[in-house]
$ cat coords-v8.cif   # mmCIF, C-alpha atoms
data_final
loop_
_atom_site.label_atom_id
_atom_site.label_comp_id
_atom_site.auth_asym_id
_atom_site.auth_seq_id
_atom_site.Cartn_x
_atom_site.Cartn_y
_atom_site.Cartn_z
CA MET N 1 2.93 25.56 -43.43
CA PRO N 2 0.80 22.82 -41.80
CA GLU N 3 -0.80 24.01 -38.55
CA ALA N 4 1.15 21.47 -36.48
CA LEU N 5 4.42 22.93 -37.76
CA VAL N 6 3.24 26.47 -37.09
CA ARG N 7 2.39 25.57 -33.50
CA ARG N 8 5.76 23.87 -33.05
CA PHE N 9 7.62 26.84 -34.54
CA LEU N 10 5.75 29.33 -32.35
CA ALA N 11 6.38 27.24 -29.26
CA LEU N 12 10.11 27.16 -29.97
CA PHE N 13 10.03 30.87 -30.78
CA ALA N 14 8.30 31.69 -27.48
CA ALA N 15 10.87 29.60 -25.64
CA GLY N 16 13.67 31.55 -27.28
CA LEU N 17 15.05 28.47 -29.03
CA LEU N 18 14.72 29.74 -32.57
CA LEU N 19 14.83 33.52 -32.39
CA PRO N 20 16.09 35.57 -29.43
CA ALA N 21 13.67 37.85 -27.62
CA VAL N 22 15.93 40.87 -27.96
CA GLY N 23 19.04 41.72 -29.90
CA THR N 24 21.17 44.32 -31.57
CA PRO N 25 22.72 44.16 -35.04
CA SER N 26 26.01 42.94 -33.58
CA ASP N 27 24.36 40.07 -31.72
CA ALA N 28 25.01 36.69 -33.35
CA GLY N 29 21.33 35.80 -33.10
CA PHE N 30 19.69 39.10 -34.00
CA PHE N 31 16.74 38.83 -36.36
CA PRO N 32 14.55 41.80 -37.39
CA TYR N 33 11.14 40.09 -37.23
CA SER N 34 9.40 38.73 -34.17
CA LEU N 35 6.25 37.13 -35.62
CA ILE N 36 5.51 34.45 -38.17
CA GLN N 37 1.98 33.88 -39.44
CA THR N 38 0.60 31.39 -41.91
CA ILE N 39 -1.38 32.92 -44.78
CA PRO N 40 -3.92 30.29 -45.88
CA SER N 41 -2.80 29.22 -49.33
CA PRO N 42 -5.04 29.87 -52.36
CA ALA N 43 -3.34 27.01 -54.23
CA GLY N 44 -4.94 23.61 -54.69
CA GLU N 45 -3.76 20.11 -53.91
CA ASP N 46 -0.55 19.02 -55.66
CA SER N 47 0.25 22.64 -56.53
CA GLY N 48 3.87 23.73 -56.83
CA GLN N 49 6.41 25.97 -58.55
CA PRO N 50 5.41 29.18 -56.70
CA HIS N 51 6.58 32.61 -57.79
CA LEU N 52 6.18 35.92 -55.93
CA ALA N 53 6.18 39.41 -57.46
CA VAL N 54 5.23 42.92 -56.34
CA ALA N 55 3.22 45.41 -58.39
CA PRO N 56 4.22 49.10 -58.58
CA ASP N 57 1.43 49.90 -56.10
CA GLY N 58 2.88 47.38 -53.62
CA THR N 59 0.41 44.54 -54.23
CA VAL N 60 1.97 41.10 -53.73
CA VAL N 61 1.19 38.56 -56.48
CA LEU N 62 1.58 34.81 -56.02
CA SER N 63 1.54 32.49 -59.04
CA TRP N 64 1.79 28.71 -59.20
CA LEU N 65 1.08 25.57 -61.21
CA GLU N 66 -1.44 22.89 -60.39
CA PRO N 67 -2.88 19.92 -62.27
CA ALA N 68 -5.75 20.64 -64.70
CA GLY N 69 -7.24 17.66 -66.48
CA ALA N 70 -4.48 15.91 -68.41
CA GLY N 71 -2.21 18.93 -68.11
CA HIS N 72 -1.57 21.93 -65.87
CA GLY N 73 -2.87 25.42 -65.28
CA LEU N 74 -1.06 28.63 -64.32
CA TRP N 75 -2.90 30.44 -61.53
CA PHE N 76 -2.36 33.61 -59.53
CA ALA N 77 -3.78 35.44 -56.52
CA THR N 78 -3.14 38.85 -54.94
CA LEU N 79 -2.65 39.67 -51.30
CA ASP N 80 -5.33 41.97 -49.89
CA ALA N 81 -5.65 42.94 -46.22
CA GLY N 82 -3.55 39.96 -45.19
CA ASP N 83 -5.40 37.28 -47.18
CA TRP N 84 -5.08 35.93 -50.70
CA SER N 85 -7.77 36.75 -53.21
CA ALA N 86 -9.69 34.03 -55.00
CA PRO N 87 -7.33 32.39 -57.51
CA ARG N 88 -7.57 33.27 -61.20
CA GLN N 89 -6.27 31.20 -64.08
CA VAL N 90 -3.99 32.71 -66.73
CA ALA N 91 -3.78 29.69 -69.03
CA ARG N 92 -3.80 25.90 -69.11
CA GLY N 93 -2.40 23.28 -71.45
CA ASP N 94 -1.71 19.60 -71.96
CA ASP N 95 1.66 20.12 -73.65
CA TRP N 96 3.46 22.14 -70.98
CA PHE N 97 6.95 21.42 -69.71
CA VAL N 98 6.61 21.19 -65.92
CA ASN N 99 9.82 21.06 -63.92
CA TRP N 100 10.68 21.68 -60.27
CA ALA N 101 13.49 24.13 -61.13
CA ASP N 102 12.22 25.96 -64.24
CA PHE N 103 8.99 27.58 -63.10
CA PRO N 104 6.44 30.02 -64.61
CA SER N 105 5.66 33.51 -63.35
CA VAL N 106 3.03 36.25 -63.30
CA VAL N 107 4.62 39.70 -62.99
CA PRO N 108 2.95 43.14 -62.83
CA ILE N 109 4.88 45.53 -65.08
CA THR N 110 2.64 48.53 -64.35
CA ASP N 111 -0.58 48.62 -62.35
CA GLU N 112 -2.48 47.72 -65.55
CA VAL N 113 0.07 45.89 -67.73
CA TRP N 114 0.97 42.43 -66.45
CA ALA N 115 3.00 39.67 -68.08
CA ALA N 116 2.98 35.91 -67.56
CA HIS N 117 5.17 33.12 -68.87
CA TRP N 118 5.15 29.34 -68.94
CA LEU N 119 6.94 26.60 -70.90
CA ALA N 120 5.47 24.46 -73.69
CA LYS N 121 6.94 21.37 -75.31
CA SER N 122 8.21 21.89 -78.88
CA ALA N 123 9.25 18.30 -79.69
CA ASP N 124 9.46 14.84 -78.11
CA ALA N 125 12.98 15.31 -76.71
CA THR N 126 12.93 15.78 -72.93
CA TYR N 127 14.37 19.28 -72.93
CA ALA N 128 12.78 20.59 -76.13
CA TYR N 129 10.50 23.39 -75.00
CA ASP N 130 9.70 27.03 -75.74
CA VAL N 131 8.99 30.10 -73.63
CA MET N 132 5.39 31.23 -73.99
CA LEU N 133 4.28 34.73 -72.99
CA SER N 134 0.87 36.29 -72.39
CA VAL N 135 0.10 39.94 -71.64
CA SER N 136 -2.75 41.47 -69.66
CA ARG N 137 -3.67 45.14 -70.11
CA ASP N 138 -6.28 45.19 -67.34
CA GLY N 139 -4.38 44.10 -64.24
CA GLY N 140 -4.71 40.35 -64.78
CA ASN N 141 -8.42 40.20 -65.58
CA SER N 142 -7.91 39.05 -69.18
CA TRP N 143 -4.92 37.71 -71.07
CA SER N 144 -3.67 37.79 -74.66
CA ALA N 145 -3.14 34.76 -76.86
CA PRO N 146 0.24 33.20 -76.04
CA PHE N 147 3.32 33.97 -78.14
CA SER N 148 7.05 33.30 -77.91
CA PRO N 149 9.86 35.87 -77.54
CA HIS N 150 12.16 33.69 -79.69
CA THR N 151 11.66 32.53 -83.28
CA ASP N 152 14.68 30.26 -83.85
CA GLY N 153 12.40 27.22 -84.18
CA THR N 154 14.96 24.76 -82.80
CA PRO N 155 13.72 21.82 -80.67
CA THR N 156 15.99 22.84 -77.80
CA GLU N 157 15.73 24.20 -74.27
CA HIS N 158 14.35 27.73 -73.80
CA GLY N 159 13.57 28.64 -70.22
CA PHE N 160 14.70 30.01 -66.85
CA VAL N 161 12.89 33.25 -67.62
CA THR N 162 12.84 36.57 -65.76
CA LEU N 163 10.23 39.25 -66.55
CA PHE N 164 10.75 42.88 -65.50
CA PRO N 165 9.73 46.48 -66.40
CA TRP N 166 11.87 47.99 -69.18
CA GLN N 167 11.34 51.25 -71.10
CA GLU N 168 7.61 51.33 -70.22
CA ALA N 169 7.37 47.86 -71.73
CA ILE N 170 8.11 44.26 -70.71
CA GLY N 171 11.68 43.04 -70.41
CA VAL N 172 12.31 39.32 -70.88
CA VAL N 173 15.54 37.39 -70.36
CA TRP N 174 15.89 33.64 -70.81
CA LEU N 175 18.35 30.81 -71.41
CA ASP N 176 18.28 29.86 -75.09
CA GLY N 177 19.59 26.57 -76.46
CA ARG N 178 19.41 27.29 -80.21
CA ASN N 179 23.17 26.71 -80.57
CA THR N 180 22.85 23.25 -79.03
CA ALA N 181 20.44 21.92 -81.67
CA GLY N 182 22.73 19.02 -82.60
CA GLY N 183 24.27 18.55 -79.18
CA HIS N 184 26.58 20.86 -77.24
CA GLY N 185 29.38 22.14 -79.37
CA SER N 186 28.01 20.88 -82.68
CA ASN N 187 27.28 24.41 -83.85
CA GLY N 188 30.27 25.87 -82.06
CA GLY N 189 28.45 26.90 -78.92
CA GLY N 190 26.36 26.01 -75.93
CA MET N 191 23.56 27.67 -74.00
CA THR N 192 23.14 31.42 -74.53
CA LEU N 193 21.47 34.21 -72.55
CA ARG N 194 19.12 36.42 -74.57
CA SER N 195 16.71 39.28 -74.01
CA ALA N 196 13.60 40.71 -75.64
CA LEU N 197 11.55 43.86 -75.24
CA VAL N 198 7.79 43.37 -75.59
CA SER N 199 5.21 46.15 -75.92
CA PRO N 200 2.03 46.19 -73.79
CA GLU N 201 0.23 45.09 -76.96
CA GLY N 202 2.44 42.00 -77.22
CA GLU N 203 4.64 43.22 -80.07
CA LEU N 204 8.28 42.12 -80.08
CA LEU N 205 10.19 45.40 -80.16
CA ASP N 206 13.77 44.24 -79.72
CA ARG N 207 15.76 41.02 -79.27
CA ARG N 208 19.42 40.87 -78.29
CA PRO N 209 22.04 38.38 -77.08
CA ILE N 210 23.53 39.10 -73.67
CA ASP N 211 26.08 36.27 -73.36
CA GLU N 212 26.93 33.60 -75.94
CA LEU N 213 28.00 30.90 -73.45
CA VAL N 214 26.31 30.41 -70.08
CA CYS N 215 25.43 27.63 -67.65
CA ASP N 216 22.67 25.40 -68.99
CA CYS N 217 19.96 25.36 -66.32
CA CYS N 218 20.52 27.93 -63.57
CA GLN N 219 17.82 30.51 -62.87
CA THR N 220 18.24 34.10 -64.02
CA ASP N 221 17.19 37.23 -62.13
CA ALA N 222 16.84 40.93 -62.94
CA VAL N 223 16.21 44.22 -61.17
CA VAL N 224 15.77 47.76 -62.46
CA THR N 225 18.24 50.21 -60.91
CA GLU N 226 18.50 53.98 -61.30
CA SER N 227 20.90 53.25 -64.17
CA GLY N 228 18.68 50.70 -65.93
CA PRO N 229 18.15 46.92 -65.91
CA LEU N 230 20.67 44.59 -64.28
CA VAL N 231 20.59 40.85 -65.04
CA ALA N 232 22.33 38.16 -62.98
CA TYR N 233 23.06 34.61 -64.14
CA ARG N 234 25.59 31.78 -63.91
CA ASN N 235 28.23 32.04 -66.60
CA ARG N 236 30.26 29.25 -68.19
CA ASN N 237 33.62 29.40 -69.95
CA GLU N 238 35.63 26.92 -71.99
CA GLU N 239 37.40 25.69 -68.84
CA GLU N 240 33.99 24.92 -67.23
CA ILE N 241 34.29 27.70 -64.66
CA ARG N 242 30.71 28.56 -63.70
CA ASP N 243 30.65 31.72 -61.62
CA ILE N 244 28.01 34.42 -61.25
CA GLN N 245 28.01 37.37 -63.64
CA VAL N 246 25.88 40.47 -64.13
CA ALA N 247 25.10 42.47 -67.26
CA ARG N 248 23.85 46.07 -67.25
CA SER N 249 21.78 47.87 -69.86
CA ASP N 250 21.51 51.58 -70.50
CA GLY N 251 18.07 50.98 -71.97
CA GLY N 252 19.42 49.79 -75.32
CA THR N 253 22.51 47.63 -75.61
CA TRP N 254 23.88 45.29 -72.95
CA ALA N 255 27.30 46.11 -71.56
CA GLU N 256 29.98 43.44 -71.39
CA PRO N 257 29.09 41.09 -68.50
CA VAL N 258 31.29 41.21 -65.40
CA ALA N 259 31.88 38.68 -62.63
CA VAL N 260 30.39 39.44 -59.23
CA HIS N 261 33.28 37.53 -57.64
CA GLU N 262 35.92 35.19 -59.05
CA ASP N 263 34.89 32.07 -57.13
CA GLY N 264 36.58 29.82 -59.68
CA TRP N 265 34.01 27.04 -59.39
CA GLN N 266 34.95 24.44 -61.99
CA ILE N 267 32.17 21.94 -62.58
CA ALA N 268 31.46 19.87 -65.69
CA GLY N 269 27.68 20.04 -65.34
CA CYS N 270 25.01 22.55 -64.39
CA PRO N 271 24.38 22.80 -60.62
CA VAL N 272 20.78 24.08 -61.13
CA ASN N 273 21.38 26.95 -58.70
CA GLY N 274 20.95 30.50 -59.97
CA PRO N 275 21.52 33.84 -58.20
CA ALA N 276 18.99 36.30 -56.77
CA LEU N 277 18.98 40.11 -56.85
CA ALA N 278 17.29 42.88 -54.89
CA THR N 279 17.63 46.66 -55.10
CA ASP N 280 16.42 49.95 -53.69
CA GLY N 281 17.34 51.67 -56.96
CA ARG N 282 21.02 52.35 -56.38
CA ARG N 283 22.15 49.74 -53.87
CA VAL N 284 22.01 46.18 -55.19
CA ASP N 285 22.15 42.98 -53.14
CA ILE N 286 23.07 39.64 -54.70
CA VAL N 287 23.16 36.16 -53.22
CA TRP N 288 24.35 32.93 -54.83
CA PHE N 289 25.54 29.37 -54.27
CA THR N 290 29.04 28.11 -55.03
CA ALA N 291 31.08 25.01 -54.32
CA ALA N 292 34.44 26.34 -55.49
CA GLU N 293 36.21 25.48 -52.23
CA THR N 294 33.36 24.24 -50.09
CA ALA N 295 29.61 24.38 -50.64
CA ALA N 296 28.51 27.84 -49.56
CA VAL N 297 25.87 30.55 -49.92
CA ARG N 298 27.49 33.94 -50.47
CA PHE N 299 26.21 37.51 -50.39
CA ALA N 300 27.64 40.71 -51.87
CA ARG N 301 26.47 44.30 -52.07
CA SER N 302 26.88 47.02 -54.70
CA GLN N 303 26.62 50.71 -53.91
CA ASP N 304 26.66 51.84 -57.57
CA GLY N 305 23.75 50.06 -59.24
CA GLY N 306 25.64 46.85 -59.93
CA ALA N 307 28.68 48.37 -61.67
CA SER N 308 30.87 46.84 -58.97
CA PHE N 309 30.38 44.66 -55.90
CA GLY N 310 32.15 44.53 -52.56
CA ALA N 311 33.89 41.46 -51.19
CA PRO N 312 31.37 38.66 -50.53
CA VAL N 313 30.42 37.38 -47.10
CA THR N 314 29.47 33.80 -46.39
CA ILE N 315 25.88 33.21 -45.29
CA SER N 316 26.20 29.47 -44.73
CA SER N 317 28.77 26.85 -45.65
CA ALA N 318 29.80 23.26 -45.01
CA SER N 319 32.84 24.60 -43.16
CA ASP N 320 30.52 26.03 -40.50
CA GLY N 321 30.17 22.52 -39.11
CA GLU N 322 26.81 22.14 -40.81
CA ARG N 323 25.89 19.94 -43.72
CA ALA N 324 26.47 21.61 -47.06
CA PRO N 325 23.62 23.99 -47.95
CA TRP N 326 21.51 23.21 -51.00
CA GLY N 327 21.53 26.87 -52.09
CA ARG N 328 18.34 27.91 -53.97
CA VAL N 329 18.57 31.45 -52.72
CA ASP N 330 16.57 34.65 -52.50
CA VAL N 331 17.17 38.12 -51.03
CA VAL N 332 15.26 41.28 -50.15
CA THR N 333 16.66 44.75 -49.45
CA LEU N 334 15.34 46.45 -46.31
CA ASP N 335 14.80 50.16 -45.69
CA ASP N 336 17.49 50.47 -43.01
CA GLY N 337 20.25 49.29 -45.35
CA SER N 338 20.21 45.69 -44.14
CA SER N 339 19.13 42.61 -46.11
CA LEU N 340 17.30 39.33 -45.57
CA VAL N 341 18.62 36.19 -47.27
CA SER N 342 16.88 32.84 -47.66
CA HIS N 343 18.31 29.51 -48.76
CA VAL N 344 17.53 25.81 -48.52
CA ALA N 345 19.65 24.14 -45.84
CA HIS N 346 20.41 20.44 -45.55
CA ALA N 347 18.19 18.54 -43.14
CA GLY N 348 19.30 14.96 -43.80
CA ALA N 349 19.79 12.79 -46.85
CA GLY N 350 17.74 14.32 -49.66
CA GLN N 351 15.99 16.61 -47.18
CA GLY N 352 15.92 20.40 -46.92
CA ARG N 353 14.43 23.21 -44.88
CA LEU N 354 14.09 26.92 -45.49
CA SER N 355 16.63 28.98 -43.56
CA LEU N 356 16.73 32.77 -43.10
CA HIS N 357 19.67 35.02 -42.27
CA TRP N 358 19.87 38.76 -41.70
CA VAL N 359 22.79 40.82 -43.04
CA SER N 360 23.39 44.19 -41.39
CA GLU N 361 24.17 47.38 -43.28
CA ARG N 362 27.81 46.80 -42.27
CA GLY N 363 27.78 43.30 -43.76
CA GLU N 364 27.56 41.33 -40.50
CA VAL N 365 25.70 38.04 -40.90
CA SER N 366 23.39 36.94 -38.10
CA SER N 367 22.16 33.51 -37.23
CA ALA N 368 18.42 32.99 -37.56
CA GLY N 369 15.70 30.45 -37.04
CA THR N 370 14.81 27.84 -39.61
CA LEU N 371 11.37 28.49 -41.04
CA LEU N 372 10.56 24.87 -41.83
CA SER N 373 10.68 23.01 -38.54
CA ASP N 374 10.48 19.55 -40.11
CA PRO N 375 12.60 18.24 -43.00
CA GLU N 376 10.99 18.13 -46.43
CA PRO N 377 12.15 16.42 -49.64
CA ALA N 378 14.68 18.97 -50.89
CA ARG N 379 13.58 18.88 -54.52
CA GLN N 380 9.95 19.34 -53.49
CA VAL N 381 10.78 22.46 -51.45
CA GLY N 382 12.15 23.74 -54.74
CA PHE N 383 13.19 27.38 -54.96
CA PRO N 384 11.47 29.30 -52.14
CA GLN N 385 10.34 32.83 -52.96
CA MET N 386 10.53 35.95 -50.80
CA VAL N 387 9.25 39.54 -51.33
CA ARG N 388 8.47 42.59 -49.24
CA ASP N 389 4.92 43.59 -48.36
CA GLY N 390 5.46 47.03 -46.89
CA PRO N 391 7.44 46.46 -43.68
CA ASP N 392 6.67 42.72 -43.72
CA ILE N 393 8.10 39.77 -45.65
CA VAL N 394 6.00 37.20 -47.54
CA LEU N 395 7.49 33.79 -48.34
CA ALA N 396 6.26 30.92 -50.50
CA TRP N 397 7.47 27.37 -51.07
CA THR N 398 6.08 23.89 -51.68
CA ALA N 399 5.49 21.73 -48.59
CA ALA N 400 4.28 18.20 -48.04
CA GLU N 401 0.75 17.53 -46.83
CA GLY N 402 0.72 13.98 -45.63
CA ALA N 403 2.61 11.19 -47.35
CA ASP N 404 1.40 11.64 -50.92
CA THR N 405 0.37 15.25 -51.54
CA HIS N 406 1.93 18.69 -51.48
CA ARG N 407 0.76 22.29 -51.77
CA VAL N 408 2.16 25.80 -52.13
CA HIS N 409 2.41 27.36 -48.66
CA THR N 410 2.80 31.01 -47.72
CA VAL N 411 3.76 32.82 -44.53
CA ARG N 412 4.29 36.39 -43.35
CA LEU N 413 7.14 37.70 -41.21
CA SER N 414 6.15 40.80 -39.28
CA GLY N 415 6.75 42.61 -35.99
CA GLN N 416 9.88 44.52 -36.96
CA ARG N 417 12.15 45.28 -34.01
#

$ encode --input "coords-v8.cif" --output "structure tokens"
Amino acid sequence: MPEALVRRFLALFAAGLLLPAVGTPSDAGFFPYSLIQTIPSPAGEDSGQPHLAVAPDGTVVLSWLEPAGAGHGLWFATLDAGDWSAPRQVARGDDWFVNWADFPSVVPITDEVWAAHWLAKSADATYAYDVMLSVSRDGGNSWSAPFSPHTDGTPTEHGFVTLFPWQEAIGVVWLDGRNTAGGHGSNGGGMTLRSALVSPEGELLDRRPIDELVCDCCQTDAVVTESGPLVAYRNRNEEEIRDIQVARSDGGTWAEPVAVHEDGWQIAGCPVNGPALATDGRRVDIVWFTAAETAAVRFARSQDGGASFGAPVTISSASDGERAPWGRVDVVTLDDGSSLVSHVAHAGAGQGRLSLHWVSERGEVSSAGTLLSDPEPARQVGFPQMVRDGPDIVLAWTAAEGADTHRVHTVRLSGQR
């Protein structure tokens, strides 16, 4: 966040205009953090597409894209004693597919085994690109030659990837357009959701379909519960209902996907707005965007590892008297049973700002301050990221720097009440 915005935010905070000085969980304005601090960004000028992950030892990892010659490079840094390390490059290329909504990642699987992904063009068509993976076996110091988890060879869309630990190896889920090779429906299907299991040596151990018809360009997410991996995504049926579903794995096969909630959102195109998951092992939090009745961000909680979810609560909606939220959500699960939800709120025509809300253990939704004090181009803000760093929260998004440049920015929320 630019220093001027930090000063403005802190001034409003001190005056009690953004976050109240005191509160209890039942207070409308209660928020569990009292301090916000900028962490100087390790990313360069015109960087974007940030992703945050946490290693098993608790280390926070930030990855991002930035221009490199005629193409782009994928970089990462780790958080150490409150500051980012010097950035390190995973890979670079001149044939990458770079998009504001379909972004790469660097994810620690174990303390030593890390995985990274990016997207590379496979043909001249706009959305013809492949998922490329690289594996590190020394904690990100060196990386394998890139390879793909899919071998269908079609010049179609493959992306919206989530990487996660699975059976002491690397789990990969992605949207796969192989059935759309001649246009939607030409081969009897549309976008699919698929998974792969990759060994630490980069060997493809297993590949499976999860769902044979899903929304075309909404982000996926995954967590590992006590019962195994849980994947969340936006489904699609023949009537163009595009609600959020989850699929569970017992370590081998994927169970039949189930709806988190029957929103009944019928839309003829992809809203580019995927769900987010968080877990403490058994409890699972999920947040998503829908416009079934009115544009809204919704939250639900599972007490059984994602087998079932309680009734959703509304985090923000157009019916609140506010402009319709953009969505682009994230969530973290806190130790006391509560949760923190982020989303991009409207801030004028084509403008957005990052908004945070706290959800109590009982499911009460608090109001909270807006992290971005000034409006930003909503597409540039992208899909803000949020992870825990011990008792604190680290956030990342892309913010403007002057009229013509932008950069990945990071902040820390601390001072738990």

$ atom_distance --input "coords-v8.cif" --atom1 "atom CA of N:Gly306" --atom2 "atom CA of N:Pro257"
10.9 Å

$ closest_atom_pairs --input "coords-v8.cif" --of "stretch 24-126 of chain N" --to "stretch 330-343 of chain N" --cutoff "12 Å" --atoms "only C-alpha atoms" --output "CSV"
residue,atom,partner,partner_atom,distance
N:Pro25,CA,N:Ser338,CA,9.6
N:Phe30,CA,N:Leu340,CA,11.8
N:Phe31,CA,N:Leu340,CA,9.2
N:Pro32,CA,N:Leu340,CA,9.0
N:Tyr33,CA,N:Leu340,CA,10.4
N:His51,CA,N:Asp330,CA,11.5
N:Leu52,CA,N:Asp330,CA,11.0
N:Ala53,CA,N:Val332,CA,11.8
N:Val54,CA,N:Val332,CA,11.9

$ residues_around --input "coords-v8.cif" --residues "N:Val394" --least-positions-apart "6" --cutoff "7 Å" --atoms "only C-alpha atoms" --output "PyMOL selection string"
chain N and resi 386-388+410-413

$ resolve_selection --input "coords-v8.cif" --expression "the PyMOL selection byres ((chain N and resi 101-106) around 6)" --output "list of chain:residue names"
N:Gln49, N:His51, N:Ser63, N:Asn99, N:Trp100, N:Val107, N:Ala115, N:Ala116, N:His117, N:Trp118, N:Phe160

$ residues_around --input "coords-v8.cif" --residues "N:Cys218" --least-positions-apart "3" --cutoff "8 Å" --atoms "all atoms listed in the file" --output "mmCIF file with C-alpha atoms, keeping the file's coordinate frame"
data_model
loop_
_atom_site.group_PDB
_atom_site.id
_atom_site.type_symbol
_atom_site.label_atom_id
_atom_site.label_comp_id
_atom_site.auth_asym_id
_atom_site.auth_seq_id
_atom_site.Cartn_x
_atom_site.Cartn_y
_atom_site.Cartn_z
ATOM 1 C CA PHE N 160 14.700 30.010 -66.850
ATOM 2 C CA CYS N 215 25.430 27.630 -67.650
ATOM 3 C CA TYR N 233 23.060 34.610 -64.140
ATOM 4 C CA ARG N 234 25.590 31.780 -63.910
ATOM 5 C CA CYS N 270 25.010 22.550 -64.390
ATOM 6 C CA PRO N 271 24.380 22.800 -60.620
ATOM 7 C CA VAL N 272 20.780 24.080 -61.130
ATOM 8 C CA ASN N 273 21.380 26.950 -58.700
ATOM 9 C CA GLY N 274 20.950 30.500 -59.970
#

$ residues_near_point --input "coords-v8.cif" --point "(1.8, 17.1, -52.7)" --cutoff "12 Å" --atoms "only C-alpha atoms" --output "ChimeraX atom specification"
/N:43-49,66-67,376-377,380-381,397-409

$ resolve_selection --input "coords-v8.cif" --expression "the PyMOL selection byres ((chain N and resi 194) around 6)" --output "PyMOL selection string"
chain N and resi 173-174+193+195+208-210

$ decode --input "coords-v8.cif" --residues "stretch 346-359 of chain N" --atoms "N, CA, C and O atoms" --output "compact mmCIF listing (two decimals), in the first residue's frame"
# COMPACT_ATOMS: atom_id res chain seq x y z
N HIS N 346 -17.34 -2.85 -4.35
CA HIS N 346 -17.46 -1.77 -5.32
C HIS N 346 -17.03 -0.45 -4.70
O HIS N 346 -17.30 -0.16 -3.54
N ALA N 347 -16.34 0.35 -5.51
CA ALA N 347 -15.93 1.68 -5.06
C ALA N 347 -16.12 2.68 -6.20
O ALA N 347 -15.31 3.58 -6.37
N GLY N 348 -17.16 2.50 -6.98
CA GLY N 348 -17.41 3.36 -8.13
C GLY N 348 -17.34 2.56 -9.42
O GLY N 348 -16.99 1.38 -9.42
N ALA N 349 -17.66 3.20 -10.51
CA ALA N 349 -17.70 2.53 -11.81
C ALA N 349 -16.34 1.93 -12.15
O ALA N 349 -15.35 2.65 -12.28
N GLY N 350 -16.28 0.61 -12.25
CA GLY N 350 -15.04 -0.07 -12.58
C GLY N 350 -13.99 -0.03 -11.50
O GLY N 350 -12.84 -0.40 -11.74
N GLN N 351 -14.36 0.39 -10.30
CA GLN N 351 -13.41 0.54 -9.20
C GLN N 351 -13.72 -0.44 -8.07
O GLN N 351 -14.88 -0.80 -7.84
N GLY N 352 -12.67 -0.87 -7.36
CA GLY N 352 -12.86 -1.78 -6.25
C GLY N 352 -11.91 -1.47 -5.11
O GLY N 352 -10.94 -0.73 -5.28
N ARG N 353 -12.22 -2.03 -3.96
CA ARG N 353 -11.34 -1.89 -2.79
C ARG N 353 -11.48 -3.14 -1.93
O ARG N 353 -12.54 -3.77 -1.89
N LEU N 354 -10.43 -3.50 -1.27
CA LEU N 354 -10.40 -4.73 -0.49
C LEU N 354 -11.12 -4.52 0.83
O LEU N 354 -10.79 -3.62 1.60
N SER N 355 -12.09 -5.37 1.11
CA SER N 355 -12.91 -5.25 2.31
C SER N 355 -12.77 -6.52 3.15
O SER N 355 -12.70 -7.63 2.61
N LEU N 356 -12.73 -6.35 4.47
CA LEU N 356 -12.56 -7.47 5.40
C LEU N 356 -13.75 -7.55 6.35
O LEU N 356 -14.24 -6.53 6.83
N HIS N 357 -14.17 -8.76 6.64
CA HIS N 357 -15.25 -9.00 7.60
C HIS N 357 -14.87 -10.16 8.49
O HIS N 357 -14.25 -11.13 8.05
N TRP N 358 -15.28 -10.07 9.74
CA TRP N 358 -15.03 -11.12 10.72
C TRP N 358 -16.32 -11.89 10.96
O TRP N 358 -17.40 -11.29 11.08
N VAL N 359 -16.23 -13.22 11.02
CA VAL N 359 -17.38 -14.07 11.30
C VAL N 359 -17.11 -14.82 12.59
O VAL N 359 -16.11 -15.53 12.71
